[in-house]
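Colleague: Let me begin by handing over the structure; questions about it come next.
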Amino acid sequence: MASTKLMETKGGKRFFQICVSRGYGKAPYKKRWYWPDGWSKRAVERELPKVAAEFERACSAGEVLNRAQAKEKAANEAAEAAMIRTFKEYGEAVFMPMKRTNCSENTRVYYQSALNNHLYPVFGNLRLPDITSSQISAYFLKLRESNLSYSTIIGIYVTCSQLFKHAYFDETIFHNPMDKVQRPRRRKDELKKDVEAFTADELKFIISLLAAESLKWQCFTRLLIDTGIRRGEACALRWEDIDFKENSALIHANLGYTPDKGVYLDATKTGRERIVYFSSDAASLLKQYKTEQAAATSRRATRLSKETNLLPLEKITIPEYIFTERGSNAPMTPDAVNRFFQRFSKRHGIEIHAHKLRHSFASLAILNGSDIASVSEVLGHADKATTLRVYSHADEESKRRAANIVANAIKHA
């Protein structure tokens with residue numbers, strides 16, 4: 001009867017080793033069974049006896065090779081696989097298909113760009129097992145001498161590291177050369193810039209300037225100021241996500257764009273939903289905008305129904321999305337946001353973009369007493385460590401104020 005034992009590879013992947021005896025003094029037949037990702041414990045326990053029984057049957061029928069034959073076959077297959085597993089072949093056949101299944105579209109494009117433009121030209125034709133730590137280190141030293149920005153170099157490093165890590169885990173290679181490659185450091189002349197953010201007075205001035213803009217852009221910009229949500233998250237908002245009783249919005253999607261895929265709807269960056277709250281002023285603007293949008297939709301429906309019989313009045317409906325392309329029910333693209341802020345910046349001599357408003361929300365919230373955990377939740381960060389790292393300057397100022405508050409309380413007690 002076949003015996004089974006739960007084991008683990010060096011890369012941490014678990015499997016069952018199934019053994020069938022060949023008789024006294026002979027090495028048993030062995031088989032590794034890796035169950036599919038996502039299977040429950042019950043499903044694994046249910047399937048294992050079937051796999052073991054089938055392996056035992058195959059052994060009895062002489063369909064299983066002995067150790068020497070299996071070793072020779074494995075060596076031949078490994079040699080054949082090694083011949084075709086160049087860096088580029090592995091990247092295109094294994095690494096990028098894997099990234100397409102578990103990464104956002106923007107992240108996939110980020111990896112593909114680093115591979116096509118930087119890594120493939122250097123390592124593409126080399127066999128993965130032949131690439132050494134010293135070769136990779138020399139490559140990144142050369143990159144540091146180029147005109148590439150530090151963030152671009154780090155992106156290339158991350159992509160290279162992820163590819164070799166995956167190849168090691170699936171046992172395409174048996175040691176990871178990236179383990180001995182240092183992460184590139186900033187040069188002394190590349191000091192990390194402080195997070196760019198507006199002060200409360202500057203935001204108040206920007207809000208006053210918005211009064212001259214259309215209601216759509218007043219609403220959109222005010223939501224970014226009040227909530228710190230991402231540009232794509234605001235573009236993905238639907239009217240059903242807004243709760244005017246609570247002055248809140250449900251953030252559950254992100255609208256993105258890539259040249260290959262075009263405009264697409266995706267999950268939020270962390271894959272989690274969250275609720276954010278906005279001011280009564282923003283709520284008032286949204287209500288006005290909703291009324292204006294409904295009136296504009298009605299006018300468009302009336303005009304089109306007069307011009308053609310193919311678009312009767314009942315076919316034109318109020319948009320599902322809050323922010324739509326002009327004359328359309330399609331959601332507004334992130335690129336439209338960029339264009340608006342570029343025009344706004346040029347008109348008023350203020351450098352403004354969506355992410356700067358996000359930074360402004362976080363910095364002001366922390367400086368005015370909000371705790372890091374709450375700000376992290378509102379921003380949709382994976383954990384508060386991200387918030388602390390990005391907004392450490394604001395947190396330090398908050399700590400100083402807290403110390404002064406305690407000192408003054410003791411002093412006047």
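As shown in the structure tokens, the chain order sets the letters A, B, ...; within each chain, residues go from 1, and ligands are also counted from 1 in the order they appear.
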Env of segment 161-175 of chain A: 7 Å cut, atoms = only C-alpha atoms, seq-sep filter 4 positions within chain, self excluded. Answer as JSON, numbers by chain.

Modeller: {"A": [11, 95, 129, 157]}

Colleague: As a ChimeraX atom specification, list the residues of segment 227-371 of chain A assigned to helix (DSSP H, G or I) by DSSP on the backbone atoms of this structure.

Modeller: /A:227,231-235,239-241,280-307,313-315,334-348,354-367

Colleague: Using only C-alpha atoms, which of the listed residues (A:Thr86, A:Thr387, A:Thr227, A:Ser298) sits closest to Tyr120 of chain A?

Modeller: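 The answer is A:Thr86, which sits nearest to Tyr120 of chain A.
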
Colleague: Out of segment 138-355 of chain A, which residues get strand (DSSP E or B) from DSSP, as an MDAnalysis selection string?

Modeller: chainID A and resid 238 242:243 248:251 254:258 262:266 274:277 321 324 331

Colleague: As a ChimeraX atom specification, please: the residues near Thr107 of chain A (cut-off 12 Å, only C-alpha atoms, same-chain neighbours under 3 positions excluded).

Modeller: /A:96,99-104,110-114,155,158-159,256-258,266,269

Colleague: Fewer than 5 positions away in the same chain doesn't count, so skip those; otherwise give me all residues within 12 Å of Glu377 of chain A, counting only C-alpha atoms, as a list in words.

Modeller: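 Selected residues are Thr227, Gly228, Ile229, Ile251, Thr270, Arg272, Glu273, Arg274, Ile275, Val276, Tyr277, Ala362, Ser370, Asp371, Ile372, Ala382, Asp383, Lys384, Ala385, Thr386 and Thr387 of chain A.
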
Colleague: Counting only C-alpha atoms, which residue out of A:Lys204, A:His359, A:Lys180, A:Arg187 sits closest to Glu145 of chain A?

Modeller: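 Among the listed residues, the smallest separation from Glu145 of chain A belongs to A:Arg187.
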
Colleague: Quick one: of A:Asp201, A:Glu325, A:Glu320, A:Glu56, who's nearest to Ile242 of chain A, counting only C-alpha atoms?

Modeller: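 Going through A:Asp201, A:Glu325, A:Glu320, A:Glu56 one by one, the smallest distance to Ile242 of chain A is for A:Glu320.
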
Colleague: How far is it from atom CA of Thr132 of chain A to atom CA of Gly12 of chain A, in Å with one decimal?

Modeller: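 Atom-to-atom, atom CA of Thr132 of chain A and atom CA of Gly12 of chain A are spaced 23.1 Å apart.
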
Colleague: Neighbours of Phe340 of chain A within 9 Å (only C-alpha atoms; same-chain residues fewer than 5 positions away dropped), as a ChimeraX atom specification?

Modeller: /A:217,335,345

Colleague: Could you save those same residues with N, CA and C atoms as an mmCIF file, in the first residue's frame?

Modeller:
```
data_model
loop_
_atom_site.group_PDB
_atom_site.id
_atom_site.type_symbol
_atom_site.label_atom_id
_atom_site.label_comp_id
_atom_site.auth_asym_id
_atom_site.auth_seq_id
_atom_site.Cartn_x
_atom_site.Cartn_y
_atom_site.Cartn_z
ATOM 1 N N TRP A 217 -15.502 69.930 -12.207
ATOM 2 C CA TRP A 217 -14.141 70.041 -11.692
ATOM 3 C C TRP A 217 -14.099 70.589 -10.275
ATOM 4 N N ASP A 335 -6.296 60.493 -17.530
ATOM 5 C CA ASP A 335 -5.570 61.460 -18.353
ATOM 6 C C ASP A 335 -6.305 62.794 -18.435
ATOM 7 N N SER A 345 -2.989 74.815 -13.447
ATOM 8 C CA SER A 345 -1.673 75.261 -12.967
ATOM 9 C C SER A 345 -1.140 76.403 -13.817
#
```
